[in-house]
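A.B. asks: One structure follows; several queries about it will come next.
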Amino acid sequence: KERAESSLRQALLNKEERIAQIERLTSQVQQLEQNNDQITQQYSEEIEKLQNLVKLSTEAEKDSRDRLETLHNALEGLKEKHSKDIQSFKMKISEKESEQELLKEQLNESKSEIESLKLQNSRTIQQQYGSSRSGPNTGSRLLVDPEGSEMGD
């Protein structure tokens with residue numbers, strides 16, 4: 001009977017130790033589950049932050065590309081305008097050169113006309129002066145000086 005009681009006590013002690021051990025393990029499992037939940041929450045938050053960063057980075061990249069394209073288009077527009085301005089300026093220079101050539105031709109023609117008129121005036125003066133000298137003495141003679149003013153003899 002004592003052996004049976006001793007055996008029962010030992011079994012009861014073993015059972016209590018196992019229950020205590022199961023309770024400790026259960027507590028450890030619960031603690032591990034809480035830690036796992038915290039780590040999962042932290043990872044979820046970090047993943048969300050990374051997703052937001054990727055989204056912001058993608059938006060910034062698109063914005064940068066749009067700005068670059070806008071700047072490129074503006075530069076192309078300026079190049080085109082500059083090219084047109086240069087063409088227009090070259091045309092104006094060509095027109096001014098043509099006008100200048102025409103004015104030079106007109107100036108040369110005017111100079112030729114002036115020389116011709118001077119020569120003609122000189123001949124007329126010589127003819128008038130020569131005919132008044134060689135003709136009969138009629139009294140006063142009309143002479144013209146080089147400036148074209150009349151003077152009496």
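Identifiers for the structure tokens are assigned positionally: chains receive A, B, ... in sequence, residues are indexed from 1 per chain, and ligands are indexed from 1 in the order shown.
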Once DSSP has gone over the backbone, tell me which residues of chain A are in strand (DSSP E or B), as a PyMOL selection string.

C.D. replies: chain A and resi 142-144+150-152

A.B. asks: Between atom CA of Gln38 of chain A and atom CA of Val54 of chain A, what distance in Å does the model show, to one decimal?

C.D. replies: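 Spanning atom CA of Gln38 of chain A to atom CA of Val54 of chain A is a straight-line distance of 24.1 Å.
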
A.B. asks: Distance atom CA of Glu46 of chain A-atom CA of Gln31 of chain A, one decimal place?

C.D. replies: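 Atom CA of Glu46 of chain A sits 22.4 Å away from atom CA of Gln31 of chain A.
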